[in-house]
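Okay, protein14.cif now, which holds mmCIF, C-alpha atoms:
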data_model
#
loop_
_atom_site.label_atom_id
_atom_site.label_comp_id
_atom_site.auth_asym_id
_atom_site.auth_seq_id
_atom_site.Cartn_x
_atom_site.Cartn_y
_atom_site.Cartn_z
CA MET F 1 -9.31 32.95 -36.07
CA LYS F 2 -9.49 36.34 -37.76
CA ARG F 3 -6.69 37.46 -40.05
CA VAL F 4 -4.65 40.17 -38.31
CA TYR F 5 -2.20 42.58 -39.91
CA ASN F 6 0.95 44.02 -38.41
CA ILE F 7 2.90 47.06 -39.61
CA ALA F 8 6.35 47.75 -38.16
CA VAL F 9 7.79 51.28 -38.27
CA ASP F 10 11.44 51.74 -37.33
CA GLY F 11 13.89 54.58 -37.61
CA PRO F 12 16.13 56.99 -35.74
CA ALA F 13 15.03 59.64 -33.25
CA GLY F 14 13.19 62.57 -34.82
CA ALA F 15 12.14 60.79 -38.01
CA GLY F 16 8.47 61.28 -37.12
CA LYS F 17 7.69 57.65 -36.30
CA SER F 18 5.10 58.19 -33.57
CA THR F 19 3.20 61.00 -35.32
CA ILE F 20 3.09 59.08 -38.58
CA ALA F 21 2.28 55.68 -37.04
CA LYS F 22 -0.58 57.19 -35.00
CA SER F 23 -2.06 58.88 -38.07
CA ALA F 24 -1.76 55.75 -40.22
CA ALA F 25 -3.34 53.64 -37.46
CA GLU F 26 -6.28 56.04 -37.30
CA LYS F 27 -6.89 55.83 -41.04
CA LEU F 28 -6.64 52.02 -41.05
CA ASN F 29 -8.56 51.61 -37.77
CA PHE F 30 -5.56 49.72 -36.35
CA VAL F 31 -4.26 49.81 -32.78
CA TYR F 32 -1.23 52.09 -32.48
CA VAL F 33 1.07 50.37 -30.01
CA ASP F 34 2.78 53.05 -27.95
CA THR F 35 5.77 51.08 -26.68
CA GLY F 36 6.90 54.06 -24.58
CA ALA F 37 3.59 54.06 -22.70
CA MET F 38 4.07 50.35 -21.98
CA TYR F 39 7.47 51.06 -20.41
CA ARG F 40 5.87 53.80 -18.32
CA ALA F 41 3.13 51.47 -17.09
CA MET F 42 5.74 48.95 -15.99
CA ALA F 43 7.64 51.76 -14.25
CA LEU F 44 4.45 52.69 -12.37
CA HIS F 45 4.21 49.07 -11.18
CA PHE F 46 7.78 49.26 -9.80
CA LEU F 47 7.08 52.56 -8.02
CA ARG F 48 3.89 51.24 -6.45
CA ASN F 49 5.79 48.26 -5.11
CA GLY F 50 8.63 50.36 -3.69
CA ILE F 51 11.27 48.87 -5.96
CA PRO F 52 14.36 51.11 -6.41
CA ALA F 53 15.49 51.70 -10.00
CA GLY F 54 19.02 50.63 -9.11
CA ASP F 55 17.99 47.20 -7.79
CA GLU F 56 18.35 45.18 -10.98
CA ALA F 57 17.44 41.87 -9.33
CA ALA F 58 14.21 43.22 -7.81
CA VAL F 59 13.24 45.05 -11.02
CA SER F 60 13.86 41.92 -13.08
CA GLN F 61 11.85 39.73 -10.71
CA SER F 62 8.94 42.19 -10.51
CA ALA F 63 8.79 42.54 -14.30
CA LYS F 64 7.57 38.94 -14.46
CA GLU F 65 4.36 39.91 -12.59
CA VAL F 66 3.36 42.67 -15.01
CA ASP F 67 0.71 42.53 -17.71
CA VAL F 68 0.46 45.65 -19.88
CA THR F 69 -1.69 46.13 -22.94
CA ILE F 70 -2.99 48.95 -25.13
CA SER F 71 -6.58 49.44 -26.20
CA TYR F 72 -8.65 52.27 -27.67
CA GLU F 73 -11.93 53.68 -26.46
CA ASN F 74 -13.63 56.32 -28.63
CA GLY F 75 -10.35 56.81 -30.46
CA VAL F 76 -8.38 57.51 -27.26
CA GLN F 77 -5.50 55.27 -26.19
CA GLN F 78 -5.96 53.39 -22.93
CA VAL F 79 -3.02 51.80 -21.13
CA ILE F 80 -4.01 48.83 -19.00
CA LEU F 81 -1.73 47.63 -16.18
CA ASN F 82 -2.74 44.33 -14.59
CA GLY F 83 -6.37 45.02 -15.50
CA GLU F 84 -6.37 48.67 -14.33
CA ASN F 85 -6.60 51.65 -16.66
CA VAL F 86 -3.53 53.75 -15.74
CA SER F 87 -3.58 56.14 -18.71
CA GLY F 88 -3.81 59.19 -16.45
CA LEU F 89 -1.08 58.04 -14.08
CA ILE F 90 1.94 57.42 -16.31
CA ARG F 91 2.97 60.92 -17.42
CA SER F 92 4.58 62.17 -14.20
CA SER F 93 8.30 63.00 -14.01
CA GLU F 94 8.72 60.27 -11.38
CA VAL F 95 7.31 57.62 -13.73
CA SER F 96 9.44 58.97 -16.61
CA ALA F 97 12.61 58.72 -14.53
CA MET F 98 11.80 55.16 -13.43
CA ALA F 99 10.96 54.10 -17.01
CA SER F 100 14.27 55.47 -18.27
CA ALA F 101 16.26 53.76 -15.52
CA ALA F 102 14.48 50.39 -15.65
CA SER F 103 14.45 50.10 -19.44
CA VAL F 104 18.19 49.33 -19.48
CA TYR F 105 17.58 45.91 -17.90
CA MET F 106 17.13 43.06 -20.39
CA PRO F 107 14.40 41.23 -18.39
CA VAL F 108 12.25 44.39 -18.57
CA ARG F 109 12.70 44.65 -22.32
CA GLU F 110 12.15 40.92 -22.82
CA LYS F 111 8.88 41.01 -20.87
CA LEU F 112 7.57 43.99 -22.83
CA VAL F 113 8.57 42.45 -26.16
CA GLU F 114 6.63 39.33 -25.13
CA LEU F 115 3.57 41.47 -24.31
CA GLN F 116 3.90 43.44 -27.55
CA LYS F 117 4.10 40.23 -29.59
CA ASN F 118 1.03 38.84 -27.84
CA LEU F 119 -0.92 42.02 -28.61
CA ALA F 120 0.12 41.83 -32.27
CA LEU F 121 -1.21 38.24 -32.48
CA LYS F 122 -4.71 39.40 -31.51
CA GLU F 123 -5.07 42.86 -33.07
CA ASN F 124 -4.29 44.75 -36.25
CA VAL F 125 -1.41 46.90 -35.05
CA ILE F 126 1.06 49.54 -36.10
CA MET F 127 4.07 49.55 -33.81
CA ASP F 128 6.99 51.96 -33.93
CA GLY F 129 10.42 51.83 -32.37
CA ARG F 130 14.00 51.01 -33.21
CA ASP F 131 13.92 47.21 -33.48
CA ILE F 132 10.29 46.42 -34.30
CA GLY F 133 10.88 44.96 -37.77
CA THR F 134 14.10 43.18 -36.78
CA CYS F 135 13.20 41.80 -33.34
CA VAL F 136 9.68 42.45 -32.09
CA LEU F 137 7.66 41.78 -35.26
CA PRO F 138 10.08 40.03 -37.63
CA HIS F 139 7.13 38.62 -39.62
CA ALA F 140 5.19 41.89 -39.94
CA ASP F 141 3.11 42.20 -43.11
CA LEU F 142 4.77 45.53 -43.87
CA LYS F 143 7.98 47.01 -42.53
CA ILE F 144 8.83 50.68 -42.92
CA TYR F 145 12.16 52.28 -42.10
CA LEU F 146 11.59 56.01 -41.67
CA THR F 147 14.55 58.31 -41.76
CA ALA F 148 15.53 61.92 -42.41
CA SER F 149 18.79 63.85 -42.40
CA SER F 150 20.16 64.84 -39.00
CA GLN F 151 19.75 68.51 -40.02
CA VAL F 152 16.05 68.05 -40.77
CA ARG F 153 15.42 66.07 -37.58
CA ALA F 154 17.24 68.69 -35.52
CA GLN F 155 15.20 71.48 -37.12
CA ARG F 156 11.95 69.66 -36.31
CA ARG F 157 12.98 69.20 -32.69
CA TYR F 158 14.10 72.83 -32.46
CA GLN F 159 10.74 74.07 -33.74
CA GLU F 160 8.90 71.76 -31.33
CA LEU F 161 10.83 73.09 -28.32
CA ALA F 162 10.63 76.70 -29.48
CA ALA F 163 6.85 76.38 -29.79
CA LYS F 164 6.78 75.42 -26.09
CA GLY F 165 8.80 78.50 -25.22
CA GLU F 166 11.93 76.53 -24.35
CA GLU F 167 15.35 77.97 -25.11
CA CYS F 168 17.46 75.64 -27.21
CA SER F 169 20.39 75.50 -29.61
CA LEU F 170 19.92 74.00 -33.07
CA GLU F 171 23.60 72.99 -33.16
CA GLU F 172 23.38 71.23 -29.79
CA ILE F 173 20.19 69.44 -30.78
CA GLU F 174 21.79 68.11 -33.98
CA LYS F 175 24.89 67.04 -32.05
CA ASP F 176 22.68 65.13 -29.58
CA ILE F 177 20.78 63.47 -32.44
CA ILE F 178 23.99 62.32 -34.13
CA GLU F 179 25.29 60.92 -30.81
CA ARG F 180 21.98 59.16 -30.14
CA ASP F 181 22.02 57.63 -33.63
CA TYR F 182 25.48 56.24 -32.93
CA ARG F 183 24.41 54.77 -29.57
CA ASP F 184 21.22 53.26 -31.04
CA MET F 185 23.04 51.74 -34.01
CA ASN F 186 25.94 50.35 -32.00
CA ARG F 187 24.26 49.09 -28.81
CA GLU F 188 24.79 45.46 -27.90
CA ASN F 189 21.12 44.52 -27.59
CA SER F 190 18.81 44.98 -30.60
CA PRO F 191 20.69 47.77 -32.40
CA LEU F 192 18.82 50.11 -34.73
CA LYS F 193 19.07 48.93 -38.32
CA GLN F 194 16.88 48.63 -41.38
CA ALA F 195 15.36 45.16 -41.73
CA GLU F 196 16.29 43.51 -45.02
CA ASP F 197 12.66 43.49 -46.17
CA ALA F 198 11.79 46.99 -44.92
CA VAL F 199 10.86 49.81 -47.28
CA LEU F 200 13.05 52.88 -46.80
CA VAL F 201 11.06 56.12 -46.62
CA ASP F 202 13.09 59.32 -46.33
CA THR F 203 10.84 61.97 -44.78
CA SER F 204 13.31 64.86 -45.17
CA HIS F 205 11.25 66.56 -47.86
CA MET F 206 7.83 65.05 -47.16
CA THR F 207 4.91 66.28 -45.09
CA VAL F 208 3.31 64.01 -42.48
CA PRO F 209 0.21 63.43 -44.70
CA GLN F 210 2.47 62.49 -47.62
CA VAL F 211 4.34 59.93 -45.53
CA VAL F 212 1.10 58.49 -44.15
CA ASP F 213 -0.33 58.21 -47.68
CA ARG F 214 2.85 56.40 -48.78
CA ILE F 215 2.50 53.86 -45.94
CA LEU F 216 -1.17 53.28 -46.75
CA GLU F 217 -0.29 52.83 -50.41
CA LEU F 218 2.40 50.27 -49.57
CA PHE F 219 0.05 48.41 -47.22
CA HIS F 220 -2.76 48.22 -49.78
CA GLU F 221 -0.27 47.00 -52.40
CA LYS F 222 0.74 44.20 -50.03
CA ARG F 223 -2.88 43.21 -49.46
CA MET F 224 -3.61 43.21 -53.19
CA LYS F 225 -0.90 40.57 -53.64
CA GLU F 226 -2.46 38.16 -51.14
#

Could you show the structure in this file as structure tokens?
Amino acid sequence: MKRVYNIAVDGPAGAGKSTIAKSAAEKLNFVYVDTGAMYRAMALHFLRNGIPAGDEAAVSQSAKEVDVTISYENGVQQVILNGENVSGLIRSSEVSAMASAASVYMPVREKLVELQKNLALKENVIMDGRDIGTCVLPHADLKIYLTASSQVRAQRRYQELAAKGEECSLEEIEKDIIERDYRDMNRENSPLKQAEDAVLVDTSHMTVPQVVDRILELFHEKRMKE
């Protein structure tokens, strides 16, 4: 069996996890595991089967039938639901709403964690989230905890929304970020926290390329010690 490597990237909202993980995966030729896309694929399965978001029992039962995986073709992420490529079908507002509603149920999360772990056994992966290093990939070869001040994260989000022409308030965005941090860090199931063996990387005063270079440096250091 080939040696596979796993990198876990955790951190609060707005720390740049997805952007940085995707870039690092590209440079390492790893699979970037988009956990959000996996939730969306499962949501599509529920919608296709006419399962209401509020029916916890039906959602939980149906989650058992789902197989979701991530692959890459010509550098483009493909999301596979029960053998079907659904990459072009999971970005609708209807799917987003179902994913948000269904993700609160533990059986949904447990099923996706199982699928994510199985993927990480077979492929070199970088996975980002809020409990990857603590729960999903506790034995990852490298764990990174990305963070940044709430002011910096709010400013990034503000600039992102402004670039899309959306009206927004910097103060409200920062307030929402602080509230989300509190919810993520104090939730009952898999709260956001830095794994004991994770490397803390504060991105407040770093560019994306600088953070990516730091992750690559840490990963190569780990490999050198093998």

Q: For Arg180 in chain F, work out the shell of residues within 12 Å, counting all atoms listed in the file and skipping chain neighbours fewer than 4 positions away, then give it as a list in words.
A: Gly11, Pro12, Ala13, Gly14, Arg130, Ser150, Ala154, Ile173, Glu174, Lys175, Asp176, Asp184, Met185, Asn186, Arg187, Pro191 and Leu192 of chain F

Q: Point out the residue among F:Gln210, F:Gln77, F:Ser62, F:Thr69 with the least atom-to-atom distance to Glu114 in chain F, counting only C-alpha atoms.
A: F:Thr69

Q: Fewer than 3 positions away in the same chain doesn't count, so skip those; otherwise give me all residues within 10 Å of Asp197 in chain F, counting all atoms listed in the file, as a PyMOL selection string.
A: chain F and resi 133-134+138-140+142-145+194+200

Would you write out, as a PDB file with C-alpha atoms, in the frame of the given file, every residue that the PyMOL selection byres ((chain F and resi 42) around 8) captures in this file?
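Once written, expr_15.pdb looks like this:
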ATOM      1  CA  MET F  38       4.070  50.350 -21.980  1.00  0.00           C
ATOM      2  CA  TYR F  39       7.470  51.060 -20.410  1.00  0.00           C
ATOM      3  CA  ARG F  40       5.870  53.800 -18.320  1.00  0.00           C
ATOM      4  CA  ALA F  41       3.130  51.470 -17.090  1.00  0.00           C
ATOM      5  CA  ALA F  43       7.640  51.760 -14.250  1.00  0.00           C
ATOM      6  CA  LEU F  44       4.450  52.690 -12.370  1.00  0.00           C
ATOM      7  CA  HIS F  45       4.210  49.070 -11.180  1.00  0.00           C
ATOM      8  CA  PHE F  46       7.780  49.260  -9.800  1.00  0.00           C
ATOM      9  CA  ALA F  63       8.790  42.540 -14.300  1.00  0.00           C
ATOM     10  CA  VAL F  66       3.360  42.670 -15.010  1.00  0.00           C
ATOM     11  CA  VAL F  68       0.460  45.650 -19.880  1.00  0.00           C
ATOM     12  CA  LEU F  81      -1.730  47.630 -16.180  1.00  0.00           C
ATOM     13  CA  ALA F  99      10.960  54.100 -17.010  1.00  0.00           C
TER      14      ALA F  99
END

Q) CA of Ala195 in chain F and CA of Ile132 in chain F, how far apart in Å? A)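 Those two atoms sit 9.1 Å apart.
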
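Residues in contact range of Leu119 in chain F, defined as at most 12 Å between only C-alpha atoms, with sequence neighbours fewer than 4 positions away removed, read Val4, Tyr5, Asn6, Phe30, Val31, Tyr32, Val33, Asp34, Thr35, Met38, Asp67, Val68, Thr69, Ile70, Ser71, Leu112, Val113, Glu114, Leu115, Glu123, Asn124, Val125, Ile126, Met127, Val136 and Leu137 of chain F.
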
Q.
Under the rule that all atoms listed in the file are counted, which of F:Val108, F:Ile90, F:Ala8, F:Ala25 is the nearest residue to Leu216 in chain F?
A. F:Ala25

(Q) Please report the interatomic distance between CA of Ala24 in chain F and CA of Glu84 in chain F in Å with one decimal. (A)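 Distance reported for this atom pair: 27.2 Å.
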
Q.
Using Å and a single decimal, report how far CA of Ile20 in chain F sits from CA of Glu188 in chain F.
A.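 Computed distance, CA of Glu188 in chain F to CA of Ile20 in chain F, equals 27.8 Å.
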
Q. Using the chain letters and numbers from the file, which residues does the PyMOL selection byres ((chain F and resi 53) around 9) grab, as a PyMOL selection string?
A. chain F and resi 43+46-47+51-52+54-56+58-59+97-99+101-102

Q: Could you tell me which of F:Lys22, F:Ile177, F:Ser204, F:Gln116 comes closest to Tyr72 in chain F if we count only C-alpha atoms?
A: F:Lys22
